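Enquirer: Structure supplied as structure.cif; contents: mmCIF, C-alpha atoms.
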```
data_my_file
loop_
_atom_site.label_atom_id
_atom_site.label_comp_id
_atom_site.auth_asym_id
_atom_site.auth_seq_id
_atom_site.Cartn_x
_atom_site.Cartn_y
_atom_site.Cartn_z
CA MET A 268 -74.52 -78.59 -1.02
CA LEU A 269 -77.43 -76.31 -0.15
CA ALA A 270 -78.61 -76.34 -3.78
CA ALA A 271 -78.64 -80.15 -3.83
CA ALA A 272 -80.59 -80.30 -0.56
CA PHE A 273 -83.10 -77.75 -1.88
CA LEU A 274 -83.53 -79.75 -5.10
CA CYS A 275 -84.09 -82.93 -3.07
CA ILE A 276 -86.73 -81.26 -0.90
CA ALA A 277 -88.51 -79.78 -3.93
CA THR A 278 -88.59 -83.19 -5.64
CA LEU A 279 -90.05 -84.85 -2.55
CA CYS A 280 -92.69 -82.13 -2.20
CA PHE A 281 -93.68 -82.51 -5.87
CA ALA A 282 -93.97 -86.28 -5.53
CA ALA A 283 -96.09 -85.93 -2.40
CA ALA A 284 -98.37 -83.43 -4.14
CA ALA A 285 -98.76 -85.71 -7.14
CA ALA A 286 -99.58 -88.66 -4.90
CA ALA A 287 -102.13 -86.59 -3.03
CA ALA A 288 -103.72 -85.42 -6.30
CA GLN A 289 -104.22 -89.00 -7.52
CA PRO A 290 -107.32 -90.55 -5.98
CA SER A 291 -106.68 -93.64 -3.89
CA GLY A 292 -107.94 -96.89 -5.29
CA GLU A 293 -108.10 -95.56 -8.87
CA LEU A 294 -108.69 -98.44 -11.32
CA SER A 295 -108.12 -98.37 -15.06
CA ALA A 296 -110.25 -100.19 -17.63
CA ARG A 297 -107.64 -102.93 -18.08
CA GLY A 298 -107.24 -103.19 -14.32
CA LEU A 299 -111.00 -103.72 -14.09
CA ASP A 300 -110.70 -106.52 -16.68
CA SER A 301 -108.18 -108.33 -14.49
CA LEU A 302 -110.31 -107.86 -11.39
CA LEU A 303 -113.46 -109.18 -13.10
CA GLN A 304 -111.53 -112.14 -14.49
CA ASP A 305 -110.50 -113.09 -10.97
CA CYS A 306 -114.11 -112.73 -9.73
CA ALA A 307 -115.40 -114.86 -12.59
CA PHE A 308 -112.87 -117.65 -12.10
CA LYS A 309 -113.69 -117.83 -8.39
CA ALA A 310 -117.23 -118.85 -9.37
CA PHE A 311 -115.93 -122.19 -10.72
CA LEU A 312 -116.42 -124.24 -7.57
CA ARG A 313 -117.40 -127.36 -9.53
CA PRO A 314 -116.71 -126.35 -13.12
CA ARG A 315 -118.75 -127.90 -15.91
CA THR A 316 -118.42 -127.15 -19.59
CA GLY A 317 -121.23 -125.13 -21.17
CA ILE A 318 -122.69 -123.84 -17.86
CA VAL A 319 -122.82 -120.11 -17.09
CA TYR A 320 -121.47 -119.25 -13.63
CA GLU A 321 -122.30 -115.89 -12.06
CA GLY A 322 -119.44 -114.14 -10.27
CA LYS A 323 -119.49 -111.72 -7.34
CA VAL A 324 -117.82 -108.32 -7.53
CA PRO A 325 -116.46 -106.30 -4.57
CA SER A 326 -118.91 -104.12 -2.69
CA ASN A 327 -117.31 -100.92 -3.99
CA LEU A 328 -118.22 -101.97 -7.57
CA THR A 329 -121.88 -102.74 -6.95
CA GLY A 330 -123.82 -102.49 -10.20
CA ILE A 331 -121.31 -104.43 -12.31
CA HIS A 332 -122.27 -107.97 -13.34
CA VAL A 333 -119.78 -110.64 -14.34
CA SER A 334 -120.18 -114.26 -15.39
CA ALA A 335 -118.02 -117.04 -16.83
CA LEU A 336 -118.62 -119.78 -19.40
CA ARG A 337 -116.15 -122.61 -20.05
CA LEU A 338 -116.11 -124.09 -23.57
CA ARG A 339 -114.11 -126.40 -25.75
CA SER A 340 -112.39 -124.48 -28.53
CA GLY A 341 -113.33 -127.11 -31.14
CA SER A 342 -116.99 -127.02 -30.17
CA LEU A 343 -116.99 -123.22 -30.23
CA ARG A 344 -115.53 -123.19 -33.73
CA ARG A 345 -117.90 -125.83 -35.16
CA ARG A 346 -121.15 -124.97 -33.33
CA GLY A 347 -120.86 -121.51 -31.86
CA ILE A 348 -123.02 -120.92 -28.77
CA ALA A 349 -126.60 -122.09 -29.27
CA GLY A 350 -128.99 -119.52 -27.82
CA GLY A 351 -126.19 -117.00 -27.32
CA TYR A 352 -124.29 -115.94 -24.25
CA LYS A 353 -126.19 -113.16 -22.47
CA GLU A 354 -126.58 -110.36 -25.07
CA PHE A 355 -123.91 -111.89 -27.33
CA ARG A 356 -124.87 -114.14 -30.25
CA ILE A 357 -121.80 -116.23 -31.02
CA PRO A 358 -121.93 -117.73 -34.57
CA VAL A 359 -120.06 -120.67 -36.07
CA GLY A 360 -116.43 -120.06 -37.05
CA VAL A 361 -115.13 -118.23 -33.99
CA VAL A 362 -111.47 -119.10 -33.35
CA GLU A 363 -108.95 -118.09 -30.71
CA GLN A 364 -105.27 -117.21 -30.85
CA PRO A 365 -103.14 -118.76 -29.51
CA TYR A 366 -104.81 -122.16 -29.57
CA ALA A 367 -106.20 -123.53 -26.30
CA GLU A 368 -108.03 -126.81 -25.78
CA ARG A 369 -110.50 -125.16 -23.40
CA LEU A 370 -111.27 -121.51 -22.87
CA VAL A 371 -113.34 -119.36 -20.54
CA MET A 372 -115.43 -116.48 -21.86
CA VAL A 373 -115.85 -113.81 -19.18
CA TYR A 374 -118.90 -111.56 -19.61
CA HIS A 375 -119.00 -107.93 -18.37
CA ASN A 376 -121.98 -105.65 -17.81
CA LEU A 377 -120.68 -102.39 -16.37
CA GLY A 378 -124.12 -100.94 -15.62
CA ASN A 379 -123.90 -97.50 -14.01
CA TRP A 380 -120.09 -97.69 -14.08
CA SER A 381 -119.99 -97.48 -17.89
CA THR A 382 -119.06 -93.81 -18.16
CA SER A 383 -116.54 -94.10 -15.32
CA PHE A 384 -114.36 -96.65 -17.11
CA TYR A 385 -115.22 -95.77 -20.71
CA PRO A 386 -115.88 -92.01 -20.89
CA LEU A 387 -116.90 -90.67 -24.28
CA PRO A 388 -117.15 -86.85 -24.34
CA GLY A 389 -119.84 -85.49 -26.62
CA TYR A 390 -122.00 -88.64 -26.51
CA THR A 391 -124.73 -90.06 -24.29
CA PHE A 392 -124.83 -93.78 -23.47
CA LEU A 393 -128.19 -95.34 -24.28
CA ALA A 394 -127.18 -98.75 -22.92
CA PRO A 395 -124.62 -100.09 -20.45
CA VAL A 396 -121.21 -101.05 -21.72
CA LEU A 397 -121.09 -104.81 -22.37
CA GLY A 398 -118.02 -106.88 -23.02
CA PHE A 399 -116.48 -110.31 -23.11
CA LEU A 400 -112.90 -111.51 -22.91
CA ALA A 401 -111.52 -115.01 -23.45
CA TYR A 402 -108.91 -116.73 -21.28
CA ASP A 403 -107.07 -120.04 -21.36
CA ALA A 404 -108.90 -122.54 -19.12
CA ALA A 405 -105.98 -124.93 -18.64
CA ASP A 406 -105.64 -123.84 -14.99
CA LEU A 407 -108.71 -122.25 -13.43
CA SER A 408 -106.81 -121.50 -10.21
CA ALA A 409 -104.09 -119.50 -11.95
CA ALA A 410 -103.64 -115.94 -10.72
CA ASN A 411 -103.19 -114.43 -14.20
CA PRO A 412 -104.33 -116.86 -16.90
CA PRO A 413 -103.26 -116.07 -20.48
CA GLU A 414 -105.70 -113.85 -22.36
CA LEU A 415 -106.74 -115.15 -25.78
CA ASP A 416 -107.61 -113.23 -28.93
CA ILE A 417 -111.08 -114.13 -30.21
CA ARG A 418 -111.85 -113.62 -33.92
CA ALA A 419 -115.01 -114.29 -35.91
CA ALA A 420 -113.76 -115.84 -39.15
CA GLY A 421 -117.24 -116.04 -40.73
CA ASP A 422 -120.35 -114.16 -39.66
CA PRO A 423 -119.83 -111.36 -37.10
CA ILE A 424 -120.81 -111.58 -33.46
CA SER A 425 -124.15 -109.84 -32.76
CA VAL A 426 -124.77 -107.87 -29.57
CA VAL A 427 -128.48 -107.24 -28.88
CA PHE A 428 -129.31 -104.40 -26.46
CA SER A 429 -132.86 -105.25 -25.40
CA GLY A 430 -133.23 -102.14 -23.24
CA VAL A 431 -132.78 -99.70 -26.14
CA GLY A 432 -136.08 -98.45 -27.55
CA PRO A 433 -136.83 -96.96 -30.96
CA ALA A 434 -135.14 -93.72 -31.96
CA ARG A 435 -136.96 -90.46 -31.44
CA PRO A 436 -138.29 -88.76 -34.58
CA GLY A 437 -135.89 -86.01 -35.52
CA GLY A 438 -133.51 -86.98 -32.72
CA PRO A 439 -129.72 -87.36 -33.05
CA PRO A 440 -128.50 -90.46 -34.88
CA ARG A 441 -127.50 -93.50 -32.87
CA THR A 442 -124.27 -95.38 -33.36
CA CYS A 443 -122.41 -98.37 -31.96
CA VAL A 444 -119.13 -97.68 -30.20
CA PHE A 445 -116.56 -100.44 -29.72
CA PHE A 446 -113.71 -100.17 -27.21
CA GLY A 447 -110.86 -102.51 -28.15
CA VAL A 448 -108.51 -104.09 -25.64
CA ASP A 449 -105.70 -102.06 -27.23
CA GLY A 450 -107.43 -98.79 -26.31
CA SER A 451 -108.91 -98.12 -29.77
CA VAL A 452 -112.41 -96.65 -30.19
CA VAL A 453 -114.42 -97.59 -33.32
CA PHE A 454 -117.85 -96.32 -34.34
CA ASN A 455 -120.24 -98.37 -36.47
CA ASN A 456 -123.87 -98.30 -37.56
CA VAL A 457 -126.69 -99.75 -35.48
CA VAL A 458 -128.55 -102.59 -37.24
CA ARG A 459 -132.12 -103.68 -36.49
CA LYS A 460 -132.60 -100.67 -34.18
CA ASN A 461 -130.75 -102.15 -31.19
CA THR A 462 -128.02 -104.51 -32.46
CA CYS A 463 -124.31 -104.01 -32.98
CA LEU A 464 -121.89 -106.24 -34.88
CA ILE A 465 -118.32 -107.02 -33.82
CA THR A 466 -115.62 -109.44 -34.99
CA THR A 467 -113.36 -109.58 -31.92
CA GLN A 468 -113.48 -109.34 -28.15
CA GLY A 469 -113.77 -106.06 -26.30
CA HIS A 470 -116.50 -103.76 -24.95
CA ILE A 471 -119.40 -102.22 -26.83
CA SER A 472 -122.42 -99.99 -26.31
CA ILE A 473 -124.92 -97.78 -28.17
CA VAL A 474 -124.55 -94.01 -27.93
CA GLU A 475 -126.05 -90.93 -29.48
CA GLU A 476 -124.37 -87.63 -30.09
CA LEU A 477 -124.99 -85.02 -27.44
CA ILE A 478 -126.33 -81.90 -29.14
CA VAL A 479 -125.85 -78.75 -27.10
CA PRO A 480 -128.54 -76.13 -27.85
CA PRO A 481 -127.13 -72.82 -29.12
CA ALA A 482 -126.90 -69.98 -26.63
CA PRO A 483 -129.74 -67.46 -26.95
CA ALA A 484 -128.83 -64.24 -28.75
CA PRO A 485 -128.51 -61.19 -26.47
CA ARG A 486 -131.52 -58.95 -26.52
CA GLY A 487 -131.08 -55.25 -27.30
CA GLY A 488 -132.27 -52.41 -25.13
CA GLY A 489 -135.12 -51.66 -27.56
CA GLY A 490 -134.78 -50.16 -31.03
CA GLY A 491 -131.78 -49.22 -33.13
CA GLY A 492 -130.63 -46.56 -30.70
CA GLY A 493 -130.21 -49.11 -27.94
CA GLY A 494 -128.19 -51.35 -30.25
CA ARG A 495 -125.83 -48.54 -31.21
CA ALA A 496 -125.34 -47.62 -27.57
CA ALA A 497 -124.37 -51.22 -26.81
CA VAL A 498 -121.78 -51.18 -29.61
CA VAL A 499 -120.28 -47.94 -28.33
CA ASP A 500 -120.04 -49.34 -24.79
CA VAL A 501 -118.27 -52.49 -25.97
CA GLY A 502 -115.85 -50.49 -28.08
CA GLY A 503 -115.05 -48.18 -25.18
CA GLY A 504 -114.38 -51.16 -22.96
CA LYS A 505 -111.97 -52.63 -25.50
CA GLY A 506 -110.20 -49.29 -25.94
CA GLY A 507 -109.82 -48.82 -22.19
CA ARG A 508 -108.56 -52.37 -21.80
CA ARG A 509 -106.04 -51.77 -24.59
CA GLU A 510 -104.79 -48.59 -22.90
CA TRP A 511 -104.34 -50.44 -19.62
CA VAL A 512 -102.37 -53.14 -21.41
CA ILE A 513 -100.11 -50.60 -23.15
CA GLY A 514 -99.56 -48.61 -19.95
CA GLY A 515 -98.78 -51.74 -17.98
CA SER A 516 -96.30 -52.86 -20.63
CA VAL A 517 -94.49 -49.51 -20.57
CA VAL A 518 -94.29 -49.44 -16.77
CA GLY A 519 -93.11 -53.04 -16.66
CA GLY A 520 -90.43 -52.38 -19.28
CA ALA A 521 -89.15 -49.32 -17.40
CA ALA A 522 -89.01 -51.29 -14.16
CA LEU A 523 -87.12 -54.08 -15.88
CA MET A 524 -84.58 -51.62 -17.34
CA ALA A 525 -84.05 -50.07 -13.91
CA VAL A 526 -83.43 -53.46 -12.36
CA LEU A 527 -80.96 -54.39 -15.12
CA ALA A 528 -79.12 -51.06 -14.69
CA ALA A 529 -78.82 -51.59 -10.93
CA VAL A 530 -77.49 -55.10 -11.48
CA PHE A 531 -74.94 -53.79 -14.01
CA VAL A 532 -73.68 -51.09 -11.62
CA SER A 533 -73.39 -53.59 -8.79
CA VAL A 534 -71.40 -55.98 -10.96
CA ARG A 535 -68.97 -53.22 -12.00
CA ARG A 536 -68.42 -52.14 -8.38
CA CYS A 537 -67.75 -55.70 -7.32
CA GLY A 538 -65.24 -56.07 -10.15
CA ARG A 539 -63.36 -52.92 -9.15
CA ARG A 540 -63.22 -54.02 -5.50
CA ARG A 541 -61.83 -57.40 -6.48
CA LYS A 542 -59.18 -55.76 -8.66
CA MET A 543 -58.05 -53.47 -5.82
CA ARG A 544 -57.86 -56.43 -3.45
CA ARG A 545 -55.69 -58.36 -5.91
CA MET A 546 -53.33 -55.37 -6.27
CA GLU A 547 -53.07 -54.98 -2.50
CA ASP A 548 -52.36 -58.68 -2.05
CA ALA A 549 -49.66 -58.53 -4.74
CA ALA A 550 -48.05 -55.52 -3.05
CA GLU A 551 -47.99 -57.26 0.31
CA LEU A 552 -46.37 -60.34 -1.18
CA GLY A 553 -43.42 -58.30 -2.69
CA VAL A 554 -39.79 -58.49 -1.40
CA PRO A 555 -39.37 -56.07 1.56
CA LEU A 556 -36.44 -53.65 1.42
CA PRO A 557 -34.36 -52.71 4.49
CA MET A 558 -34.85 -49.22 5.85
CA THR A 559 -32.06 -46.84 6.87
CA ARG A 560 -32.08 -43.41 8.40
CA VAL A 561 -30.91 -40.54 6.22
CA GLY A 562 -30.93 -37.40 8.23
CA PHE A 563 -34.29 -37.12 9.87
CA THR A 564 -36.06 -39.51 7.47
CA LYS A 565 -36.08 -43.23 6.71
CA ALA A 566 -35.56 -44.54 3.19
CA PRO A 567 -35.34 -48.07 1.72
CA VAL A 568 -31.93 -49.24 0.57
CA ALA A 569 -30.86 -52.20 -1.58
CA LEU A 570 -28.62 -54.88 -0.15
CA HIS A 571 -26.52 -55.18 -3.28
CA THR A 572 -25.51 -52.78 -5.94
CA ARG A 573 -26.00 -53.36 -9.58
CA THR A 574 -23.21 -54.67 -11.86
CA ARG A 575 -19.97 -52.84 -11.12
CA PRO A 576 -18.67 -50.68 -13.96
CA PHE A 577 -15.46 -51.72 -15.69
CA LEU A 578 -13.32 -50.32 -18.44
CA GLU A 579 -13.67 -51.73 -21.93
CA ASN A 580 -9.82 -51.77 -22.31
CA GLU A 581 -6.83 -51.18 -20.06
CA PHE A 582 -5.29 -48.48 -22.24
CA VAL A 583 -4.36 -45.54 -20.13
CA PRO A 584 -3.32 -42.37 -22.00
#
```
Let me see the structure of the file written as structure tokens.
Expert:
Amino acid sequence: MLAAAFLCIATLCFAAAAAAAQPSGELSARGLDSLLQDCAFKAFLRPRTGIVYEGKVPSNLTGIHVSALRLRSGSLRRRGIAGGYKEFRIPVGVVEQPYAERLVMVYHNLGNWSTSFYPLPGYTFLAPVLGFLAYDAADLSAANPPELDIRAAGDPISVVFSGVGPARPGGPPRTCVFFGVDGSVVFNNVVRKNTCLITTQGHISIVEELIVPPAPAPRGGGGGGGGRAAVVDVGGGKGGRREWVIGGSVVGGAALMAVLAAVFVSVRRCGRRRKMRRMEDAAELGVPLPMTRVGFTKAPVALHTRTRPFLENEFVP
């Protein structure tokens, strides 16, 4: 009973600690997609096909830009988007799955929130993370409209990052990084200095590898003698540390053996005490014999005698 209560309390404490460790209001990348979709659809007060509508994001996400564009799927496939959609150049031959008569393309510009939702250790973002996702436009007031899968059947979709300047001479190479809706990360070459090519919906940016300069070599104390003295000091430190480790291991092993011996002795004593108690209990539960006085002493006597003796035959000599 006590063990179950302790386990219950420990579980509740662990859950409370985990909840406290998780920051309140934490939002994943896919959760941000759903939030921006809702903001974009709210911009359709009087929706018209082919018009870009700018959405408003919550105040705690200031710096992110979102917009929406409603299109006919047939027109998108046959004509693409003349003049592009923000930084995206949509060519002819783009199709969606599953089929929808009308669709809404939601544009994302994460701005200074790029590294928060799409961290990429070892790389530096040279441009904000841009993205677009397509949704079924059958019901613009729906809470969670179906998300469509956009594919470029012919030429790829071009993403032009106008804010990215020319590469530095001798600097690290630049590359395009694509974040798929399934969580995949794909790297590709930059074309025309500031353009990336994609064939499906998702998020994309331009990054360069972060090169960490090597740590400076330690300087000696001056001359070969100083170097040898440094080597001797390091060796002595290692030897002393090794001796401490060995000594600590020996002391710990001896302490462990002493504890085990004490536990063994205690277990044996408890076993002997239990055996004596069982013998005493068995003796007390035996059949009591009546007592009689014989002279000046008392002695137990049996109530009945054993089997009476009898002759094997009645022959009397």
Enquirer: Would you kindly translate the PyMOL selection byres ((chain A and resi 393) around 8) into the concrete residues it picks from this file, as a list in words?
Expert: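 Matching residues under the PyMOL selection byres ((chain A and resi 393) around 8) are Thr391, Phe392, Ala394, Pro395, Val431, Ser472, Ile473, Val474 and Glu475 of chain A.
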Enquirer: Identify which of the residues A:Gly398, A:Gly437, A:Gly341, A:Gly515 lies closest to A:Gln468, counting only C-alpha atoms when measuring atom-to-atom distances.
Expert: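 Closest candidate: A:Gly398.
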Enquirer: Give as a list in words the set of residues within 12 Å of the point (-125.9, -125.3, -19.3), where distances use the file's coordinates and all atoms listed in the file.
Expert: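 The distance filter leaves exactly Pro314, Arg315, Thr316, Gly317, Ile318, Val319, Tyr320, Ala335, Leu336, Arg337, Leu338, Ile348, Ala349, Gly350, Gly351 and Tyr352 of chain A.
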Enquirer: Hey, can you check how far atom CA of A:Phe446 sits from atom CA of A:Leu477?
Expert: 18.9 Å
Enquirer: Which one is closest to A:Ile424: A:Gly450, A:Ile357, A:Glu363, A:Ser383? Count all atoms listed in the file.
Expert: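 Using all atoms listed in the file, the shortest distance to A:Ile424 belongs to A:Ile357.
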Enquirer: Interatomic distance between atom CA of A:Val359 and atom CA of A:Val373?
Expert: 18.7 Å
Enquirer: Give the answer as one residue: which of A:Arg544, A:Arg356, A:Arg560, A:Arg539 has the shortest atom-to-atom distance to A:Cys463, using only C-alpha atoms?
Expert: A:Arg356
Enquirer: Under the PyMOL selection byres ((chain A and resi 358) around 12), which residues of this model are included? Write them out as number ranges by chain.
Expert: A: 342-352, 355-357, 359-362, 418-426, 464-466
Enquirer: As a check of understanding, name the residues that the PyMOL selection byres ((chain A and resi 404) around 9) selects in the supplied structure, as a list in words.
Expert: Arg337, Leu338, Ala367, Glu368, Arg369, Leu370, Val371, Tyr402, Asp403, Ala405, Asp406, Leu407, Pro412 and Pro413 of chain A
Enquirer: How many Å separate atom CA of A:Arg435 from atom CA of A:Arg459?
Expert: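 According to the coordinates, atom CA of A:Arg435 and atom CA of A:Arg459 are separated by 15.0 Å.
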Enquirer: Neighbourhood query: residues within 9 Å of (-124.8, -85.7, -33.8), file coordinates, counting only C-alpha atoms; return as a list of chain:residue names.
Expert: A:Gly389, A:Tyr390, A:Gly438, A:Pro439, A:Pro440, A:Arg441, A:Glu475, A:Glu476, A:Leu477, A:Ile478
